[in-house]
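Each remark here refers to the structure printed beneath this line.
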Amino acid sequence: MKHFTIRSIVFSLFIFFLPNNAFSQNKDVYVDQEGIMRWPDGKEVYGFGVNYTVPFAHAFRTAKKLGVDPREAMENDVYHFARLGFDAYRVHVWDTEISDEKGNLLENEQLDHFDYLIQLMKERDMKFLLTPIAFWGNGWPEPNENTPGFSHKYGKEGCLINPDAIEAQANYLHQFLNHVNRYTGLAYKDDPDVIAFEVSNEPHHDESAEKVTTYVTRMVDSMKSTGSEKPIFYNVSHSIHLVDAYYEAEIDGGTFQWYPTGLGAGEEIGGNLLPNVDRYTIPFKNHEGFRKGAKVVYEFDAADVGRSYIYPAMARSFRTAGIQWATHFSYDPTYMAYANTEYDTHYMNLVFAPQKALSLKIASEVFHEMPLYKNYGNYPDNPQFDDFRISYQDDLAEYVGIDKFFYTNDTKSVPQDIDQLKELAGYGNSPVVNYDGLGAYFLDQLEEGVWRLEVMPDAFWIDNLFGNNSLDKKVADVQWNQRTMSVNISDLGKSFTVHGLNEGNETSLKTGDGKFLIHPGSYLLYKDEQSGNWTAESSYKNIKIGEYYAPISTIKGTNLLHRPSTEWAEGKALKISATVISEQEIAEVSLYAFVDNRPRKFPLLDQGRSQYEVGVPGELLKNGFFKYHLVVTTQEEELTFPSGIESNPTNWDFYADQAFEVRVLPDPSAIYLFDATRDFELLNMLWSEGVNLLPSADPSKASLDINLDELPTDDGHIQPNYAFRLYFGDKVNGRKESLTNATKLVVTGLSKEDSPRGIEVSLLTKEGVSYGGTVVLGTVSGEYILDLKSLKPTDLITLPRPYPGFLSYYFEPGTTSMQFDNSEIEVLQVSISPGNKPGAKLSIKSIHIE
C-alpha cells in the first residue's frame with residue numbers, strides 16, 4: 001500500500017487564534033493588568049499542542065541514520081498535528097548547535113530545518129512559543145557531540161554566572177529574535193504567529209536574588225533591544241525561593257511544567273493516577289508578580305503511563321490554575337516511534353499510540369472550551385464535567401459536544417444530537433461507528449450528505465515502551481489490515497458510497513447497510529451518488545481532503561503478545577487471551593498444556609482486533625503450577641510461544657524450556673501484595689542510597705531496608721515522611737474470593753532501632769481512595785497484624801512524586817461516602833514518619849520490610 005504527503009499547501013478557511021484582518025496589522029500579543037495574554041483585539045489567547053524536535057539533536061541525527069528526509073518527516077507529522085487539533089508549538093532550541101562561543105547565530109542545516117518547520121506549522125494555523133536557549137548538550141540519549149555553541153563551552157551553571165557566557169547569551173538572543181526565516185520572510189520578532197518568547201529552558205539559579213535579577217534583566221533587555229514587543233517569559237518553577245528576583249526583572253509572565261507521575265520509572269506505572277493530576281497548585285499563587293503575569297506550561301506529560309484517560313484531567317487542572325498555553329512533551333517523530341529512543345519515559349504519536357493521541361486531542365478541546373480559573377471540584381467528584389468524561393476503569397476519555405464526538409476507547413455514550421454531528425474521532429466502537437481495527441479514525445462532514453473518513457493502521461505495543469530502548473530494538477509495530485467498519489449517521493443513511501482519496505487508494509464501493517471493508521487511507525463517503533465537487537485537492541479547514549500519511553507495515557514474521565496471570569484460584573475457569581500479529585494469514589491459534597501427563601489442546605477463538613481467547617476449564621486448574629504453550633499456525637509455519645521456535649510441544653524433539661506459567665492456589669488463601677524479592681524494582685519511591693534490597697540467609701527471601709540519616713529531598717523540598725507505592729492489581733485479578741474474604745493485613749519485618757517503630761500501611765482502591773492504619777514493627781523479626789475492619793481513610797500521597805517538587809504531597813479528595821471494599825484494592829502505600837527527638841535529625845534508622 002502506497003502512502004504520500006502533501007508538501008505545499010495554502011490555507012484560509014480556519015484560524016484558531018487570530019482573525020485574518022489582524023495579521024496585516026502586525027501587532028503583538030499583550031499581557032493585561034490581570035495577567036491575561038490577549039490578542040490586539042482584546043480576545044484571550046489560548047493554545048494547546050506539543051514540543052517536537054526533528055530539526056535538532058538526536059531526532060535530527062536519527063533521521064539521517066535511518067535514511068529519512070527530515071523535511072518530509074516534518075511534513076507528515078505536522079499533518080497529524082492538524083488532525084489532532086493542535087494549535088500551539090514550543091521547543092527549547094538547541095543553541096549549542098546553532099551558535100558559536102560568542103553567541104553568534106550560525107546559518108546552518110539545523111536552523112534551516114527549524115525555519116522550514118515553522119513555515120509548515122504556520123500553514124496549519126499553529127502559533128509559537130520559542131525558547132531560544134536550551135543549555136543542554138545535543139547528545140541525549142547519546143553522548144554529547146563537540147558542538148560550537150556557548151553552552152557547550154560554559155555549561156548550564158557557567159552560563160548563569162560567567163560574565164563572558166552571559167554576554168554571549170545576550171548577543172545570541174538579540175540575533176535569534178532578529179533572524180529572518182528564509183521560508184516566511186519574517187524575523188521571529190516580527191512574525192505574528194510567534195506569540196511570545198521564553199528566555200531559556202529550566203535555569204537552576206544558586207546565586208543571590210540580586211544577581212539573579214541582574215542576569216534575567218540582562219536577557220530581557222537584549223531581547224527588547226530588537227524592538228520586539230512580544231511578551232517575554234522566564235521559568236519561575238525552578239528555585240522558587242527566588243520568585244521575587246524573577247518578577248523584579250520585569251518579565252511578562254512565568255513558565256511552568258508538570259510531570260505528575262515523575263520521570264524515568266522504567267516501565268508503565270499502574271493504578272488510578274487521577275488523584276495525581278487533579279490539581280496544579282502553585283505555592284506562590286498569591287504573589288503580586290505571579291498574579292499580574294501571564295502563565296504558560298511549556299512542558300507536561302503523565303510520563304510512563306500508557307493509558308488514555310489522563311490528559312483531559314491535566315488540561316482541566318491547568319485551566320483552573322489560570323494557564324493559557326500548554327504544550328505536551330514530547331511528540332515522537334513517526335520515523336522513530338517504533339523505538340521510542342528520544343525520551344523513553346514519554347510516548348506520543350498518532351500512528352503508534354492512537355489512544356493516547358486522541359486523549360491529547362480531547363485535552364485540547366478542554367483547554368479551548370473551559371473558562372480560565374473555573375473549578376469543577378476535586379476527584380472523585382469530577383469525572384464528568386461539561387461535555388467531557390474521564391474513566392480510569394474504562395481507560396476512556398470522551399468529548400460529547402453539540403457537533404463533536406471524540407473518544408479514546410469503546411464507549412456507549414451517544415452524541416447529544418446525531419443530526420448536528422459534524423466531527424468524529426475515535427478508537428474502537430461507539431453508537432456511531434463500529435470498527436474492529438486498532439488505529440484511530442476521523443470522520444468529518446464536508447457538506448450535507450458528504451463526509452471525509454480517515455483511518456490509521458493497526459498499532460501494536462510489542463515490548464516495554466518505557467525501558468532501555470535502542471534504534472535496534474522495536475517496541476511498537478504498525479500493520480495495514482483490511483478491517484470491518486459500520487457507520488450510523490443519519491446524514492448518510494445506510495446506503496452510501498465509499499471512494500478512496502489518497503494516492504494509490506483505488507477503493508470504490510457501495511454499502512446498503514452502513515457496513516463495509518476498509519483499509520488505512522482517506523476516503524470520501526457520500527449518499528445517493530452525491531459527490532459534489534469534492535476532489536483530493538479540495539480544502540477542509542487546515543488540510544486537503546486527499547492528504548494521508550502512515551508508515552508502511554513494519555510487521556516481520558509472526559509474533560504473539562501475552563502476559564499470563566500471576567496467580568489464579570484453584571478450580572476457577574481461566575480465560576487466556578493473546579494478541580497475534582503476522583505477515584501471513586493465521587490459520588489457527590491453540591493452547592497446549594500437559595494435564596495428568598497427557599497433552600491437551602484448546603483452540604483459541606478469533607475475537608477480532610487480532611485478539612484470540614480460550615477458557616481453560618476450572619477442573620484442570622489444581623493447586624500447583626499450570627504451565628502451557630501457545631501455538632500459532634500460519635500458511636507456512638507453526639510457531640510455539642513463548643520461545644517462538646518452529647515446532648509443536650507434542651513433537652518428540654521439542655526442546656524449548658520456556659513455558660507460560662500460572663501459580664494456582666487454593667481459594668481462600670493468603671495473598672502476597674508485596675514481596676521484597678519480587679517487587680523491589682516495581683516500587684514507586686523517591687530514590688535514596690539509604691533504601692536498598694538486602695538478601696537474607698534464606699536464599700528465597702530478601703527485605704526492603706530503609707535506613708536514612710535524613711529524609712531525601714524532592715527537587716529541593718523536604719517531605720514530611722518517606723513513602724513508597726506499589727501497584728499490585730494485575731497480581732490479584734485471579735484471587736477475588738481470597739481478596740474479598742481477607743480479614744487481616746500482615747507485615748513481616750522489624751525495626752532495628754532501639755524501640756518499636758510504627759509505619760502507616762494503606763490500601764488504595766480503583767477509585768483512588770486510601771484506607772489504612774498503623775502497624776507497629778517490633779525489634780524482633782515477625783508478623784505484625786492490622787485488622788482490615790479497623791482501616792480508616794488515610795492521606796493519599798502523590799506517588800510517584802511529581803515534578804516540580806513544590807506540588808502537593810498529599811491529595812485532597814472531594815466528598816465521598818465510599819466504604820472500604822477489599823475486592824476493589826489495587827495499590828499499596830507505605831509511609832514512615834521520621835524520628836524527631838529534640839535536636840536530632842529527621843531520620844529513619846533501619847526499618848526492614850520483607
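In the C-alpha cells, chains take the letters A, B, ... in the order shown, each chain's residues start at 1, and ligands count up from 1 in the order shown.
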
Strand (DSSP E) per DSSP on the backbone: members of range 308-339 of chain A, as an mmCIF file with N, CA and C atoms, in the first residue's frame:
```cif
data_model
loop_
_atom_site.group_PDB
_atom_site.id
_atom_site.type_symbol
_atom_site.label_atom_id
_atom_site.label_comp_id
_atom_site.auth_asym_id
_atom_site.auth_seq_id
_atom_site.Cartn_x
_atom_site.Cartn_y
_atom_site.Cartn_z
ATOM 1 N N TRP A 325 -1.631 28.478 28.029
ATOM 2 C CA TRP A 325 -0.881 27.801 26.964
ATOM 3 C C TRP A 325 -0.275 26.548 27.556
ATOM 4 N N ALA A 326 -0.406 25.421 26.876
ATOM 5 C CA ALA A 326 0.189 24.179 27.370
ATOM 6 C C ALA A 326 0.641 23.339 26.188
ATOM 7 N N THR A 327 1.878 22.879 26.245
ATOM 8 C CA THR A 327 2.425 22.053 25.165
ATOM 9 C C THR A 327 3.016 20.773 25.744
ATOM 10 N N HIS A 328 2.505 19.666 25.259
ATOM 11 C CA HIS A 328 2.928 18.341 25.707
ATOM 12 C C HIS A 328 4.381 18.091 25.318
#
```

In range 326-491 of chain A, DSSP alpha helix (DSSP H) residues written as a PyMOL selection string:
chain A and resi 354-369

Next, the residues of the selection above should be written as a short mmCIF file (atom, residue, chain, number, x, y, z; two decimals), in the first residue's frame with N, CA, C and O atoms.
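Output (again17.cif):
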```
data_model
loop_
_atom_site.label_atom_id
_atom_site.label_comp_id
_atom_site.auth_asym_id
_atom_site.auth_seq_id
_atom_site.Cartn_x
_atom_site.Cartn_y
_atom_site.Cartn_z
N PRO A 354 -2.34 5.53 19.21
CA PRO A 354 -3.56 6.23 18.80
C PRO A 354 -4.45 6.67 19.95
O PRO A 354 -5.02 7.76 19.93
N GLN A 355 -4.60 5.85 20.97
CA GLN A 355 -5.50 6.21 22.07
C GLN A 355 -4.94 7.38 22.88
O GLN A 355 -5.67 8.28 23.29
N LYS A 356 -3.63 7.37 23.12
CA LYS A 356 -3.02 8.49 23.83
C LYS A 356 -3.14 9.78 23.01
O LYS A 356 -3.40 10.86 23.56
N ALA A 357 -2.93 9.67 21.70
CA ALA A 357 -3.02 10.85 20.85
C ALA A 357 -4.44 11.42 20.84
O ALA A 357 -4.64 12.64 20.89
N LEU A 358 -5.44 10.55 20.79
CA LEU A 358 -6.83 11.02 20.84
C LEU A 358 -7.14 11.66 22.19
O LEU A 358 -7.92 12.62 22.28
N SER A 359 -6.54 11.14 23.26
CA SER A 359 -6.71 11.75 24.57
C SER A 359 -6.16 13.17 24.57
O SER A 359 -6.75 14.09 25.15
N LEU A 360 -5.04 13.36 23.89
CA LEU A 360 -4.46 14.71 23.80
C LEU A 360 -5.34 15.62 22.94
O LEU A 360 -5.47 16.81 23.22
N LYS A 361 -5.98 15.05 21.92
CA LYS A 361 -6.93 15.83 21.11
C LYS A 361 -8.11 16.30 21.97
O LYS A 361 -8.55 17.46 21.88
N ILE A 362 -8.62 15.42 22.82
CA ILE A 362 -9.72 15.79 23.71
C ILE A 362 -9.25 16.82 24.73
O ILE A 362 -9.98 17.77 25.06
N ALA A 363 -8.02 16.66 25.21
CA ALA A 363 -7.46 17.65 26.15
C ALA A 363 -7.39 19.03 25.51
O ALA A 363 -7.61 20.05 26.17
N SER A 364 -7.10 19.08 24.22
CA SER A 364 -7.08 20.35 23.51
C SER A 364 -8.46 20.99 23.52
O SER A 364 -8.61 22.21 23.70
N GLU A 365 -9.50 20.17 23.35
CA GLU A 365 -10.86 20.71 23.41
C GLU A 365 -11.18 21.24 24.80
O GLU A 365 -11.83 22.29 24.94
N VAL A 366 -10.75 20.52 25.84
CA VAL A 366 -10.94 21.01 27.21
C VAL A 366 -10.29 22.38 27.35
O VAL A 366 -10.88 23.34 27.87
N PHE A 367 -9.07 22.48 26.87
CA PHE A 367 -8.29 23.70 27.05
C PHE A 367 -8.93 24.88 26.34
O PHE A 367 -8.88 26.01 26.82
N HIS A 368 -9.54 24.62 25.18
CA HIS A 368 -10.11 25.71 24.40
C HIS A 368 -11.53 26.07 24.83
O HIS A 368 -12.00 27.19 24.58
N GLU A 369 -12.24 25.15 25.47
CA GLU A 369 -13.62 25.40 25.85
C GLU A 369 -13.79 25.84 27.30
O GLU A 369 -14.73 26.55 27.63
#
```

Pairwise distance for CA of Val664 in chain A and CA of Phe641 in chain A, rounded to one decimal in Å:
20.7 Å

With only C-alpha atoms as the atoms that count, which of A:Asp395, A:Glu75, A:Asp596, A:Glu198 lies nearest to Gly253 in chain A?
A:Glu198

Write out as a ChimeraX atom specification the residues lying within 8 Å of Phe256 in chain A, counting only C-alpha atoms and excluding same-chain residues fewer than 2 positions away.
/A:235-237,254,258,295-299

Write out as a PyMOL selection string each polymer residue whose atoms come within 7 Å of range 154-169 of chain A, counting only C-alpha atoms; drop sequence neighbours fewer than 3 positions from it.
chain A and resi 101-103+135+150-151+172-173

Residues from the last selection, all heavy atoms, saved as a JSON list (two decimals), in the first residue's frame:
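Output saved as again_36.json:
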```json
[["chain", "number", "residue", "atom", "x", "y", "z"],
["A", 101, "GLU", "N", 30.79, 30.27, 20.28],
["A", 101, "GLU", "CA", 31.08, 30.55, 21.68],
["A", 101, "GLU", "C", 30.70, 31.96, 22.10],
["A", 101, "GLU", "O", 30.44, 32.21, 23.27],
["A", 101, "GLU", "CB", 32.58, 30.32, 21.95],
["A", 101, "GLU", "CG", 33.00, 28.86, 21.87],
["A", 101, "GLU", "CD", 34.47, 28.68, 22.19],
["A", 101, "GLU", "OE1", 35.15, 29.71, 22.41],
["A", 101, "GLU", "OE2", 34.94, 27.53, 22.21],
["A", 102, "LYS", "N", 30.69, 32.88, 21.15],
["A", 102, "LYS", "CA", 30.37, 34.27, 21.46],
["A", 102, "LYS", "C", 28.88, 34.57, 21.27],
["A", 102, "LYS", "O", 28.45, 35.72, 21.42],
["A", 102, "LYS", "CB", 31.22, 35.21, 20.61],
["A", 102, "LYS", "CG", 32.71, 35.12, 20.90],
["A", 102, "LYS", "CD", 33.48, 36.14, 20.12],
["A", 102, "LYS", "CE", 34.96, 36.06, 20.42],
["A", 102, "LYS", "NZ", 35.26, 36.36, 21.84],
["A", 103, "GLY", "N", 28.11, 33.55, 20.93],
["A", 103, "GLY", "CA", 26.68, 33.74, 20.78],
["A", 103, "GLY", "C", 26.25, 34.20, 19.41],
["A", 103, "GLY", "O", 25.09, 34.59, 19.22],
["A", 135, "PHE", "N", 20.50, 25.26, 26.93],
["A", 135, "PHE", "CA", 21.63, 24.95, 27.82],
["A", 135, "PHE", "C", 22.16, 23.53, 27.61],
["A", 135, "PHE", "O", 23.29, 23.23, 27.95],
["A", 135, "PHE", "CB", 21.27, 25.11, 29.31],
["A", 135, "PHE", "CG", 20.98, 26.51, 29.75],
["A", 135, "PHE", "CD1", 19.80, 26.81, 30.38],
["A", 135, "PHE", "CD2", 21.90, 27.53, 29.54],
["A", 135, "PHE", "CE1", 19.52, 28.10, 30.81],
["A", 135, "PHE", "CE2", 21.63, 28.82, 29.97],
["A", 135, "PHE", "CZ", 20.44, 29.11, 30.60],
["A", 150, "PHE", "N", 28.03, 28.36, 22.83],
["A", 150, "PHE", "CA", 28.47, 28.87, 24.14],
["A", 150, "PHE", "C", 28.09, 27.94, 25.27],
["A", 150, "PHE", "O", 28.81, 27.79, 26.26],
["A", 150, "PHE", "CB", 27.92, 30.28, 24.39],
["A", 150, "PHE", "CG", 26.44, 30.39, 24.31],
["A", 150, "PHE", "CD1", 25.63, 30.11, 25.40],
["A", 150, "PHE", "CD2", 25.82, 30.78, 23.13],
["A", 150, "PHE", "CE1", 24.26, 30.21, 25.33],
["A", 150, "PHE", "CE2", 24.44, 30.89, 23.05],
["A", 150, "PHE", "CZ", 23.66, 30.60, 24.15],
["A", 151, "SER", "N", 26.93, 27.27, 25.15],
["A", 151, "SER", "CA", 26.51, 26.38, 26.24],
["A", 151, "SER", "C", 27.42, 25.15, 26.34],
["A", 151, "SER", "O", 27.58, 24.58, 27.41],
["A", 151, "SER", "CB", 25.05, 25.96, 26.07],
["A", 151, "SER", "OG", 24.85, 25.28, 24.85],
["A", 172, "TYR", "N", 23.42, 36.31, 21.49],
["A", 172, "TYR", "CA", 22.67, 35.26, 20.79],
["A", 172, "TYR", "C", 21.18, 35.56, 20.75],
["A", 172, "TYR", "O", 20.52, 35.44, 19.71],
["A", 172, "TYR", "CB", 22.94, 33.92, 21.46],
["A", 172, "TYR", "CG", 22.00, 32.81, 21.04],
["A", 172, "TYR", "CD1", 22.15, 32.16, 19.82],
["A", 172, "TYR", "CD2", 20.96, 32.40, 21.88],
["A", 172, "TYR", "CE1", 21.29, 31.13, 19.44],
["A", 172, "TYR", "CE2", 20.10, 31.38, 21.52],
["A", 172, "TYR", "CZ", 20.26, 30.75, 20.29],
["A", 172, "TYR", "OH", 19.41, 29.74, 19.93],
["A", 173, "LEU", "N", 20.62, 35.97, 21.89],
["A", 173, "LEU", "CA", 19.19, 36.27, 21.94],
["A", 173, "LEU", "C", 18.84, 37.41, 20.99],
["A", 173, "LEU", "O", 17.82, 37.36, 20.29],
["A", 173, "LEU", "CB", 18.78, 36.63, 23.37],
["A", 173, "LEU", "CG", 18.74, 35.47, 24.38],
["A", 173, "LEU", "CD1", 18.55, 35.99, 25.79],
["A", 173, "LEU", "CD2", 17.64, 34.48, 24.03]]
```

Proximity of range 97-186 of chain A to range 334-349 of chain A: per-residue shortest pair, 10 Å limit, only C-alpha atoms, as a Markdown table:
```
| residue | atom | partner | partner_atom | distance |
| --- | --- | --- | --- | --- |
| A:Trp140 | CA | A:Glu342 | CA | 7.4 |
| A:Pro141 | CA | A:Glu342 | CA | 6.5 |
| A:Glu142 | CA | A:Glu342 | CA | 9.3 |
```

Suppose we keep C-alpha atoms; can you now write the selection as an mmCIF file, in the first residue's frame?
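again_5.cif, written as the output of this step:
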```
data_model
loop_
_atom_site.group_PDB
_atom_site.id
_atom_site.type_symbol
_atom_site.label_atom_id
_atom_site.label_comp_id
_atom_site.auth_asym_id
_atom_site.auth_seq_id
_atom_site.Cartn_x
_atom_site.Cartn_y
_atom_site.Cartn_z
ATOM 1 C CA TRP A 140 20.758 12.845 24.828
ATOM 2 C CA PRO A 141 20.281 9.910 24.927
ATOM 3 C CA GLU A 142 23.630 9.565 23.168
#
```

Excluding Val305 in chain A and any residue of its chain fewer than 2 positions from it, enumerate the residues within 7 Å of it, using only C-alpha atoms, and give them as a PyMOL selection string.
chain A and resi 268-269+302-303+307

Please produce an output containing N, CA and C atoms for each residue in the selection, written as a CSV table (one decimal), in the first residue's frame.
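Output (part_4.csv):
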```
chain,number,residue,atom,x,y,z
A,268,GLU,N,5.7,0.8,32.6
A,268,GLU,CA,4.5,1.5,32.8
A,268,GLU,C,4.0,1.5,34.3
A,269,ILE,N,3.5,2.7,34.7
A,269,ILE,CA,3.0,2.8,36.1
A,269,ILE,C,1.5,2.4,36.1
A,302,ALA,N,2.1,12.9,31.5
A,302,ALA,CA,2.0,11.8,32.5
A,302,ALA,C,3.0,10.7,32.1
A,303,ALA,N,4.2,10.9,32.5
A,303,ALA,CA,5.3,10.0,32.0
A,303,ALA,C,5.1,8.6,32.5
A,307,ARG,N,-1.9,4.7,29.3
A,307,ARG,CA,-3.4,4.7,29.2
A,307,ARG,C,-3.8,6.0,28.6
```

Mind checking which residues fall within 9 Å of Pro642 in chain A, counting only C-alpha atoms, ignoring those fewer than 6 positions away in the same chain, and posting them as a PyMOL selection string?
chain A and resi 560-562+629-630+656+658-660

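Surrounding range 763-775 of chain A within 8 Å are A:Gly271, A:Asn272, A:Leu273, A:Leu274, A:Pro275, A:Pro380, A:Gln393, A:Val747, A:Tyr784, A:Ile785, A:Leu786, A:Ser790, A:Leu791, A:Lys792, A:Pro793, A:Thr794, A:Asp795, A:Leu796, A:Phe820, A:Asp821, A:Glu824, A:Ile825, A:Glu826, A:Val827, A:Leu828, A:Gln829, with only C-alpha atoms counted and residues fewer than 6 positions along the same chain left out.
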
I'd like to know which of A:Pro383, A:Pro333, A:Gly289, A:Pro40 is closest to Asp69 in chain A, using only C-alpha atoms.
A:Pro333

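CA of Tyr309 in chain A is found 7.8 Å from CA of Thr408 in chain A.
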
Point out the residue among A:Tyr247, A:Phe466, A:Phe176, A:Phe233 with the least atom-to-atom distance to Leu105 in chain A, counting only C-alpha atoms.
A:Phe176

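Reported to one decimal place, the separation of CA of Leu726 in chain A from CA of Leu673 in chain A is 8.6 Å.
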